[in-house]
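Asker: Got start_2.cif for you, mmCIF, C-alpha atoms:
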data_input
#
loop_
_atom_site.label_atom_id
_atom_site.label_comp_id
_atom_site.auth_asym_id
_atom_site.auth_seq_id
_atom_site.Cartn_x
_atom_site.Cartn_y
_atom_site.Cartn_z
CA MET W 1 -70.72 -5.52 13.21
CA ALA W 2 -68.00 -6.21 15.74
CA ARG W 3 -69.57 -4.54 18.73
CA ALA W 4 -67.47 -6.04 21.49
CA ILE W 5 -64.57 -8.37 22.17
CA ILE W 6 -64.63 -10.28 25.47
CA THR W 7 -61.53 -12.30 26.28
CA VAL W 8 -61.37 -15.07 28.86
CA PRO W 9 -58.51 -17.52 29.46
CA ALA W 10 -58.64 -20.67 27.35
CA SER W 11 -58.21 -23.17 30.16
CA VAL W 12 -59.29 -22.47 33.70
CA ARG W 13 -58.76 -24.52 36.87
CA ARG W 14 -61.44 -24.61 39.55
CA GLY W 15 -60.93 -21.89 42.13
CA GLU W 16 -58.41 -20.01 39.97
CA ILE W 17 -58.52 -16.23 39.83
CA ILE W 18 -58.82 -15.23 36.18
CA GLU W 19 -58.82 -11.96 34.26
CA ILE W 20 -61.74 -11.00 32.03
CA LYS W 21 -61.06 -8.34 29.39
CA ALA W 22 -63.91 -6.49 27.68
CA LEU W 23 -63.54 -4.03 24.79
CA VAL W 24 -66.62 -2.41 23.25
CA ALA W 25 -66.95 -0.30 20.11
CA HIS W 26 -68.53 3.06 20.93
CA ASP W 27 -67.70 6.64 19.92
CA MET W 28 -68.31 7.97 23.46
CA GLU W 29 -69.24 11.44 22.27
CA THR W 30 -68.61 13.66 25.30
CA GLY W 31 -71.10 16.41 24.59
CA PHE W 32 -68.38 19.05 24.89
CA ARG W 33 -67.12 18.91 21.29
CA ARG W 34 -68.26 21.31 18.59
CA THR W 35 -68.52 21.01 14.82
CA GLU W 36 -66.42 23.23 12.58
CA GLN W 37 -69.44 25.50 12.33
CA GLY W 38 -69.58 25.81 16.14
CA ALA W 39 -72.65 23.68 16.84
CA LEU W 40 -72.46 21.49 19.94
CA ILE W 41 -72.31 17.75 19.22
CA PRO W 42 -74.76 16.15 21.66
CA ARG W 43 -73.56 13.73 24.32
CA ASP W 44 -73.84 10.04 23.44
CA ILE W 45 -71.99 7.77 25.83
CA ILE W 46 -72.17 4.41 27.53
CA THR W 47 -73.26 4.99 31.12
CA GLN W 48 -73.18 1.53 32.65
CA PHE W 49 -71.20 -1.70 32.30
CA VAL W 50 -72.34 -4.77 34.24
CA CYS W 51 -70.97 -8.31 34.13
CA THR W 52 -72.62 -11.38 35.56
CA TYR W 53 -71.19 -14.85 36.01
CA ASN W 54 -73.84 -17.56 35.92
CA GLY W 55 -76.34 -14.93 37.02
CA ALA W 56 -74.29 -13.44 39.87
CA GLU W 57 -72.98 -9.91 39.40
CA VAL W 58 -69.16 -9.85 39.38
CA PHE W 59 -68.39 -6.39 38.03
CA ARG W 60 -70.18 -3.05 37.72
CA ALA W 61 -68.96 0.32 36.44
CA GLU W 62 -70.50 3.77 35.92
CA LEU W 63 -69.11 5.58 32.90
CA HIS W 64 -68.97 9.34 32.44
CA PRO W 65 -67.90 11.61 29.54
CA ALA W 66 -64.23 11.45 30.57
CA ILE W 67 -64.02 7.82 29.45
CA SER W 68 -62.48 7.65 25.97
CA ALA W 69 -63.96 5.99 22.91
CA ASN W 70 -64.05 2.20 22.69
CA PRO W 71 -63.90 1.66 26.46
CA TYR W 72 -61.80 -1.22 27.76
CA PHE W 73 -62.26 -2.92 31.10
CA ALA W 74 -60.26 -5.73 32.67
CA PHE W 75 -61.25 -7.28 35.97
CA ALA W 76 -60.45 -10.33 38.04
CA MET W 77 -62.86 -12.96 39.30
CA ARG W 78 -62.67 -16.42 40.83
CA ALA W 79 -63.74 -19.24 38.50
CA VAL W 80 -65.78 -21.75 40.47
CA GLU W 81 -67.84 -23.54 37.82
CA SER W 82 -68.33 -23.75 34.08
CA GLY W 83 -70.89 -21.42 32.62
CA ALA W 84 -71.18 -18.03 30.98
CA VAL W 85 -69.96 -14.53 31.67
CA VAL W 86 -72.49 -12.04 30.34
CA CYS W 87 -71.41 -8.42 29.85
CA LYS W 88 -73.98 -5.72 29.27
CA TRP W 89 -73.36 -2.13 28.22
CA THR W 90 -76.17 0.47 28.43
CA GLY W 91 -76.06 4.15 27.62
CA ASP W 92 -77.62 7.29 26.18
CA ASN W 93 -80.31 7.24 23.50
CA GLY W 94 -81.42 3.75 24.48
CA TYR W 95 -78.06 2.15 23.70
CA SER W 96 -77.86 -1.40 24.92
CA HIS W 97 -75.49 -4.21 23.98
CA SER W 98 -75.00 -7.55 25.59
CA GLU W 99 -72.45 -10.23 24.89
CA SER W 100 -71.90 -13.63 26.42
CA VAL W 101 -68.77 -15.77 26.52
CA ALA W 102 -68.48 -19.33 27.78
CA ILE W 103 -66.13 -20.32 30.57
CA THR W 104 -64.99 -23.92 30.86
CA VAL W 105 -63.71 -24.81 34.30
CA ALA W 106 -61.73 -28.02 34.63
CA MET O 1 -9.30 1.07 21.74
CA SER O 2 -5.66 0.84 20.66
CA ARG O 3 -5.95 -2.83 19.66
CA GLY O 4 -5.61 -3.26 15.88
CA CYS O 5 -4.26 0.24 15.38
CA PRO O 6 -0.97 -0.06 13.49
CA VAL O 7 0.46 2.93 15.32
CA SER O 8 -0.40 3.38 18.97
CA PRO O 9 -2.81 6.29 19.56
CA PRO O 10 -0.62 8.49 21.76
CA ARG O 11 1.84 8.73 18.86
CA CYS O 12 -0.54 9.01 15.87
CA GLY O 13 -3.27 10.75 17.89
CA VAL O 14 -4.13 13.47 15.40
CA LEU O 15 -3.90 11.23 12.30
CA TRP O 16 -5.95 8.46 13.94
CA ARG O 17 -8.72 10.79 14.98
CA PHE O 18 -8.75 12.42 11.52
CA LEU O 19 -9.11 9.04 9.77
CA VAL O 20 -11.91 7.97 12.12
CA ALA O 21 -13.70 11.28 11.55
CA LEU O 22 -13.33 10.89 7.79
CA GLY O 23 -14.76 7.39 7.95
CA LEU O 24 -17.72 8.51 10.05
CA ALA O 25 -18.38 11.45 7.73
CA ALA O 26 -18.35 9.15 4.70
CA ALA O 27 -20.79 6.81 6.42
CA ALA O 28 -23.02 9.72 7.43
CA ILE O 29 -23.09 11.10 3.89
CA ALA O 30 -23.90 7.67 2.50
CA ALA O 31 -26.66 7.32 5.10
CA CYS O 32 -28.19 10.71 4.30
CA ALA O 33 -28.32 9.90 0.58
CA GLU O 34 -30.86 7.11 1.20
CA GLY O 35 -32.66 8.49 4.25
CA THR O 36 -32.57 6.20 7.25
CA PRO O 37 -30.29 3.21 6.71
CA THR O 38 -32.10 -0.10 7.22
CA ALA O 39 -29.88 -0.96 10.17
CA ARG O 40 -31.10 2.11 12.04
CA HIS O 41 -34.85 1.68 11.31
CA ARG O 42 -36.92 2.49 14.35
CA SER O 43 -40.65 1.89 14.34
CA GLY O 44 -42.89 4.50 15.97
CA TYR O 45 -43.59 1.72 18.47
CA ASP O 46 -40.18 2.27 20.08
CA ALA O 47 -40.97 5.88 21.00
CA MET O 48 -44.27 5.02 22.70
CA GLY O 49 -44.85 4.73 26.42
CA ARG O 50 -45.22 1.38 28.14
CA GLU O 51 -49.01 1.55 28.40
CA THR O 52 -49.57 2.40 24.73
CA ARG O 53 -47.26 -0.41 23.66
CA ALA O 54 -49.20 -2.81 25.91
CA MET O 55 -52.40 -1.67 24.19
CA GLN O 56 -50.98 -2.56 20.78
CA ASP O 57 -49.52 -5.88 21.87
CA ASP O 58 -52.72 -7.28 23.40
CA ASP O 59 -55.37 -8.19 20.80
CA ALA O 60 -57.93 -8.18 23.63
CA ALA O 61 -57.20 -4.52 24.36
CA ASN O 62 -56.23 -3.16 20.91
CA PRO O 63 -59.23 -1.11 19.67
CA GLY O 64 -57.98 -1.61 16.09
CA MET O 65 -59.10 -5.23 16.43
CA LEU O 66 -62.73 -4.04 16.43
CA TRP O 67 -62.12 -2.80 12.89
CA VAL O 68 -60.29 -6.01 11.97
CA LEU O 69 -63.29 -8.07 13.08
CA ASP O 70 -65.60 -5.84 11.05
CA GLY O 71 -63.28 -6.39 8.10
CA GLU O 72 -63.50 -10.14 8.56
CA ALA O 73 -67.31 -9.92 8.45
CA LEU O 74 -67.16 -7.80 5.29
CA TRP O 75 -64.66 -10.23 3.71
CA ASN O 76 -67.20 -13.02 4.12
CA SER O 77 -70.34 -11.15 3.06
CA LYS O 78 -71.61 -11.23 -0.50
CA THR O 79 -72.07 -7.84 -2.10
CA GLY O 80 -72.62 -6.04 -5.39
CA ALA O 81 -74.50 -7.01 -8.53
CA ALA O 82 -72.21 -10.02 -8.90
CA GLY O 83 -73.27 -11.21 -5.42
CA ARG O 84 -69.68 -12.15 -4.53
CA ALA O 85 -67.77 -12.00 -1.30
CA CYS O 86 -64.00 -11.46 -1.15
CA PHE O 87 -63.91 -15.01 0.23
CA ASP O 88 -65.42 -16.42 -2.97
CA CYS O 89 -62.31 -15.49 -5.00
CA HIS O 90 -59.62 -15.18 -2.34
CA GLY O 91 -60.66 -17.88 0.11
CA ASP O 92 -59.39 -17.65 3.68
CA ALA O 93 -57.63 -14.32 4.05
CA ARG O 94 -55.35 -15.77 6.71
CA SER O 95 -53.46 -17.58 3.97
CA SER O 96 -54.28 -15.74 0.75
CA MET O 97 -53.64 -12.24 2.12
CA GLN O 98 -50.48 -13.11 4.02
CA GLY O 99 -47.74 -10.71 2.95
CA VAL O 100 -50.00 -8.71 0.63
CA ALA O 101 -50.18 -5.48 2.64
CA ALA O 102 -46.40 -5.67 3.12
CA ARG O 103 -45.84 -5.21 -0.62
CA TYR O 104 -48.35 -2.46 -1.32
CA PRO O 105 -48.50 0.04 -3.08
CA ALA O 106 -48.08 -2.32 -6.03
CA PHE O 107 -48.03 -1.75 -9.77
CA ASP O 108 -51.36 -2.12 -11.56
CA ALA O 109 -50.84 -2.94 -15.23
CA ALA O 110 -54.25 -1.68 -16.38
CA ARG O 111 -53.65 1.71 -14.82
CA ALA O 112 -49.92 1.71 -15.63
CA ARG O 113 -49.12 3.05 -12.17
CA PRO O 114 -48.91 1.83 -8.57
CA VAL O 115 -52.09 1.65 -6.53
CA ASN O 116 -52.38 1.45 -2.74
CA LEU O 117 -54.33 -1.18 -0.83
CA GLU O 118 -57.47 0.97 -0.54
CA GLN O 119 -57.51 1.49 -4.29
CA ARG O 120 -56.86 -2.20 -4.91
CA ILE O 121 -59.84 -3.14 -2.75
CA ASN O 122 -62.06 -0.63 -4.55
CA LEU O 123 -60.88 -1.91 -7.94
CA CYS O 124 -61.85 -5.41 -6.86
CA ARG O 125 -65.24 -4.13 -5.70
CA SER O 126 -66.07 -2.31 -8.93
CA GLU O 127 -64.56 -4.78 -11.40
CA ARG O 128 -65.17 -8.16 -9.75
CA GLN O 129 -68.02 -7.61 -7.31
CA LYS O 130 -69.81 -4.99 -9.44
CA ALA O 131 -70.29 -2.98 -6.27
CA PRO O 132 -69.81 0.76 -5.75
CA PRO O 133 -66.38 1.73 -4.41
CA LEU O 134 -66.09 2.44 -0.68
CA ALA O 135 -65.38 6.05 0.26
CA TYR O 136 -61.87 6.84 1.54
CA GLU O 137 -61.76 6.77 5.36
CA SER O 138 -65.18 5.12 5.51
CA LYS O 139 -65.60 2.58 8.31
CA ASP O 140 -65.98 -0.28 5.81
CA LEU O 141 -62.86 0.54 3.81
CA LEU O 142 -60.82 1.00 6.98
CA ALA O 143 -62.17 -2.31 8.29
CA LEU O 144 -61.21 -4.20 5.11
CA THR O 145 -57.72 -2.66 4.90
CA ALA O 146 -57.20 -3.34 8.62
CA TYR O 147 -58.26 -6.96 8.14
CA VAL O 148 -56.02 -7.47 5.10
CA GLY O 149 -53.19 -5.59 6.81
CA ARG O 150 -53.52 -7.74 9.92
CA GLN O 151 -52.58 -10.79 7.84
CA SER O 152 -49.14 -9.24 7.27
CA ARG O 153 -48.44 -8.50 10.93
CA GLY O 154 -44.93 -9.52 11.89
CA LEU O 155 -43.79 -9.77 8.27
CA PRO O 156 -41.11 -7.43 6.92
CA ILE O 157 -42.14 -4.70 4.47
CA SER O 158 -41.03 -5.95 1.06
CA ILE O 159 -41.41 -3.40 -1.71
CA GLU O 160 -39.75 -4.45 -4.96
CA ILE O 161 -38.78 -1.69 -7.34
CA ASP O 162 -38.39 -2.43 -11.04
CA ALA O 163 -38.33 -0.40 -14.25
CA ARG O 164 -42.11 0.10 -14.10
CA THR O 165 -42.28 1.40 -10.54
CA ARG O 166 -39.00 3.33 -10.42
CA PRO O 167 -40.38 6.60 -11.88
CA PHE O 168 -43.13 6.63 -9.23
CA LEU O 169 -40.65 5.89 -6.47
CA GLU O 170 -38.55 8.84 -7.67
CA ALA O 171 -41.64 11.06 -7.71
CA GLY O 172 -42.41 10.04 -4.13
CA ARG O 173 -38.81 10.60 -3.10
CA GLU O 174 -38.92 14.07 -4.64
CA THR O 175 -42.12 14.89 -2.72
CA PHE O 176 -40.52 13.65 0.51
CA HIS O 177 -37.55 15.97 0.06
CA ARG O 178 -39.42 18.98 -1.31
CA ARG O 179 -40.11 21.94 0.97
CA GLN O 180 -43.84 22.67 1.07
CA GLY O 181 -46.35 25.02 2.56
CA GLN O 182 -46.22 28.22 4.56
CA LEU O 183 -43.75 26.70 7.00
CA ASN O 184 -41.61 25.67 4.03
CA LEU O 185 -40.75 22.31 5.53
CA SER O 186 -39.99 19.02 3.81
CA CYS O 187 -40.77 15.59 5.27
CA ALA O 188 -37.03 14.82 5.22
CA GLN O 189 -36.16 17.75 7.45
CA CYS O 190 -38.10 16.36 10.42
CA HIS O 191 -38.18 12.63 9.72
CA ASP O 192 -34.66 12.12 8.38
CA SER O 193 -32.61 14.90 9.97
CA TYR O 194 -34.45 15.39 13.28
CA SER O 195 -35.99 12.01 14.02
CA GLY O 196 -35.42 11.07 17.64
CA LYS O 197 -35.39 14.71 18.68
CA ARG O 198 -38.52 16.46 19.96
CA LEU O 199 -41.22 18.69 18.55
CA ALA O 200 -43.65 20.23 21.05
CA GLY O 201 -42.63 17.65 23.62
CA ASN O 202 -43.23 14.66 21.37
CA VAL O 203 -40.48 12.49 19.97
CA ILE O 204 -40.26 12.92 16.18
CA PRO O 205 -40.55 9.44 14.65
CA GLN O 206 -38.74 8.32 11.53
CA GLY O 207 -42.15 8.30 9.88
CA HIS O 208 -42.51 4.69 8.79
CA PRO O 209 -45.90 3.44 7.56
CA ASN O 210 -45.50 -0.06 9.02
CA GLY O 211 -48.60 0.00 11.25
CA TYR O 212 -51.31 1.36 8.98
CA PRO O 213 -54.25 1.47 9.13
CA LEU O 214 -53.80 2.19 12.81
CA TYR O 215 -55.75 3.26 15.87
CA ARG O 216 -54.63 6.73 16.83
CA LEU O 217 -55.50 7.85 20.36
CA GLU O 218 -55.76 11.41 19.04
CA TRP O 219 -58.37 10.26 16.52
CA GLN O 220 -60.14 7.90 18.95
CA GLY O 221 -60.50 5.66 15.91
CA VAL O 222 -58.70 3.88 13.09
CA GLY O 223 -57.33 5.94 10.19
CA SER O 224 -55.31 5.38 7.05
CA LEU O 225 -51.79 6.44 6.11
CA GLU O 226 -53.23 9.01 3.73
CA ARG O 227 -55.17 10.59 6.59
CA ARG O 228 -51.93 10.92 8.54
CA LEU O 229 -50.04 12.33 5.56
CA ARG O 230 -52.79 14.91 4.97
CA ASN O 231 -52.61 15.86 8.65
CA CYS O 232 -48.86 16.39 8.35
CA LEU O 233 -49.28 18.48 5.21
CA ALA O 234 -51.93 20.56 6.92
CA GLY O 235 -49.58 20.91 9.89
CA THR O 236 -46.91 22.48 7.70
CA ARG O 237 -49.69 24.63 6.23
CA ALA O 238 -49.27 23.09 2.82
CA GLN O 239 -52.04 22.33 0.36
CA THR O 240 -53.16 18.78 1.12
CA TYR O 241 -53.56 16.37 -1.77
CA ALA O 242 -56.95 14.68 -2.21
CA TYR O 243 -57.37 11.11 -0.98
CA GLY O 244 -56.09 8.73 -3.62
CA ALA O 245 -54.16 11.47 -5.45
CA PRO O 246 -51.13 10.19 -7.38
CA GLU O 247 -48.87 12.45 -5.30
CA LEU O 248 -49.99 10.68 -2.13
CA VAL O 249 -49.75 7.16 -3.58
CA ASP O 250 -46.25 7.88 -4.94
CA LEU O 251 -45.29 9.17 -1.50
CA GLU O 252 -46.76 6.02 0.09
CA LEU O 253 -44.66 3.92 -2.29
CA TYR O 254 -41.54 5.83 -1.33
CA LEU O 255 -42.32 5.58 2.41
CA MET O 256 -42.91 1.83 2.21
CA TRP O 257 -39.71 1.38 0.20
CA ARG O 258 -37.81 3.56 2.69
CA ALA O 259 -39.12 1.35 5.50
CA ARG O 260 -38.31 -1.95 3.73
CA GLY O 261 -37.32 -4.66 6.16
CA LEU O 262 -39.28 -3.13 9.04
CA LYS O 263 -41.93 -5.46 10.45
CA MET O 264 -45.60 -4.71 9.83
CA GLU O 265 -47.62 -3.94 12.98
CA THR O 266 -51.12 -3.49 11.56
CA PRO O 267 -53.35 -2.59 13.35
CA ALA O 268 -50.88 -0.51 15.33
CA VAL O 269 -51.76 1.88 18.16
CA ARG O 270 -50.19 5.31 18.15
CA PRO O 271 -50.59 8.43 20.32
#
Would you mind writing the structure in this file as structure tokens?
Answerer:
Amino acid sequence: MARAIITVPASVRRGEIIEIKALVAHDMETGFRRTEQGALIPRDIITQFVCTYNGAEVFRAELHPAISANPYFAFAMRAVESGAVVCKWTGDNGYSHSESVAITVA
Amino acid sequence: MSRGCPVSPPRCGVLWRFLVALGLAAAAIAACAEGTPTARHRSGYDAMGRETRAMQDDDAANPGMLWVLDGEALWNSKTGAAGRACFDCHGDARSSMQGVAARYPAFDAARARPVNLEQRINLCRSERQKAPPLAYESKDLLALTAYVGRQSRGLPISIEIDARTRPFLEAGRETFHRRQGQLNLSCAQCHDSYSGKRLAGNVIPQGHPNGYPLYRLEWQGVGSLERRLRNCLAGTRAQTYAYGAPELVDLELYLMWRARGLKMETPAVRP
């Protein structure tokens, strides 16, 4: 199951500011929609997105029902050393997904 | 303007303008006979805003790629009583599936009619993998068609019509030009005659299927061409055909033929 796609630049120089892009698969059910019979579809969204770089937090976001399905985030960070960027999504009904991508700094 | 005119415009003014008008009318009539002429093909991409186009262009941001990756996983996983993966017969899809989506719907000899890509995949599943067919619009079928379609991205649509497929093309053409539903509208009225103009604030596209299956912001997910066609039919308050109905597949064939030469964009993003 392709849960998430995290994109980092292929080659990174030490001290360079790079862009990390993170796309996650999630329906982001708002809790305001109704079925054709009129029953309310319960809310089921991602509520938090946190990224760490070699253990240090570099990005954090709170998500609310206004965020559309398959949320996409792009943020900038300074690459200082080789290692891993770990992105974690948590949400309603015990949803949790974590993905790690390696960064190679020249 | 007067260069090349045998008689200078101020003298032959009326005659010159009449001849030009006649020429334009002839060209317009010829153009209408075959829908949109290839030279004036415009993908739905051209009518989109800058941000939506950026979403489609960047594989890191295109939500359709989530389905493509799922499709890749399905391509490589063994399934069915035969315990075969698509990979086992077709190898690496990046080479074996290149150009395939661009020439579907294609004629199937056993069924003596064209089949679309979804049907082709299901035929492979039931006949070769001995697996149950995937439901239309199911996540798995959309993932596989998105993955196969992705291998044709950038390639021109190339539908070949021969004696076997011509009757189905004509049936699709007839459906495209037939008025349907309570609103008594035909596809041609909006997508040939009024493309480029607006309906409820949105630009009417020429209606080319070059990006399917695509991620529609309105759907918040990936959907097939047949889903879009059924939406349109429902919008004109016409009876929608069932998924996989011959009327829809013939119409798909006609739409792909009408769009021949246009580059595939699967998985596209559309509003």
Asker: Which residues would end up in the selection if the PyMOL selection byres ((chain W and resi 106) around 10) were applied here, given that I need the answer as a list in words?
Answerer: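 The output of the PyMOL selection byres ((chain W and resi 106) around 10) on this file is Ser11, Val12, Arg13, Arg14, Gly15, Ala79, Val80, Glu81, Ser82, Ile103, Thr104 and Val105 of chain W.
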Asker: Apply the PyMOL selection byres ((chain W) within 7 of (chain O)) to the displayed file and report the matching residues as a PDB file with C-alpha atoms, in the frame of the given file.
Answerer:
ATOM      1  CA  MET W   1     -70.720  -5.520  13.210  1.00  0.00           C
ATOM      2  CA  ALA W   2     -68.000  -6.210  15.740  1.00  0.00           C
ATOM      3  CA  ILE W   5     -64.570  -8.370  22.170  1.00  0.00           C
ATOM      4  CA  THR W   7     -61.530 -12.300  26.280  1.00  0.00           C
ATOM      5  CA  LYS W  21     -61.060  -8.340  29.390  1.00  0.00           C
ATOM      6  CA  LEU W  23     -63.540  -4.030  24.790  1.00  0.00           C
ATOM      7  CA  ALA W  25     -66.950  -0.300  20.110  1.00  0.00           C
ATOM      8  CA  ALA W  69     -63.960   5.990  22.910  1.00  0.00           C
ATOM      9  CA  ASN W  70     -64.050   2.200  22.690  1.00  0.00           C
ATOM     10  CA  TYR W  72     -61.800  -1.220  27.760  1.00  0.00           C
TER      11      TYR W  72
END
Asker: What does the distance between atom CA of Arg125 of chain O and atom CA of Ala110 of chain O come to in Å, to one decimal place?
Answerer: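 Taking atom CA of Arg125 of chain O as the start and atom CA of Ala110 of chain O as the end point, the length is 15.5 Å.
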Asker: I need the residue nearest Ile17 of chain W from this list: W:Phe49, W:Phe32, W:Phe59, W:Phe75. Use only C-alpha atoms for the distance.
Answerer: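 Answer, going by the shortest atom-to-atom distance: W:Phe75.
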Asker: Return as a list of chain:residue names the set of residues that the PyMOL selection byres ((chain W and resi 47) around 8) yields on the displayed structure.
Answerer: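 Answer for the PyMOL selection byres ((chain W and resi 47) around 8): W:Ile45, W:Ile46, W:Gln48, W:Phe49, W:Glu62, W:Leu63, W:His64, W:Trp89, W:Thr90, W:Gly91, W:Asp92.
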Asker: To one decimal in Å, tell me the separation between atom CA of Gln239 of chain O and atom CA of Tyr136 of chain O.
Answerer: 18.4 Å
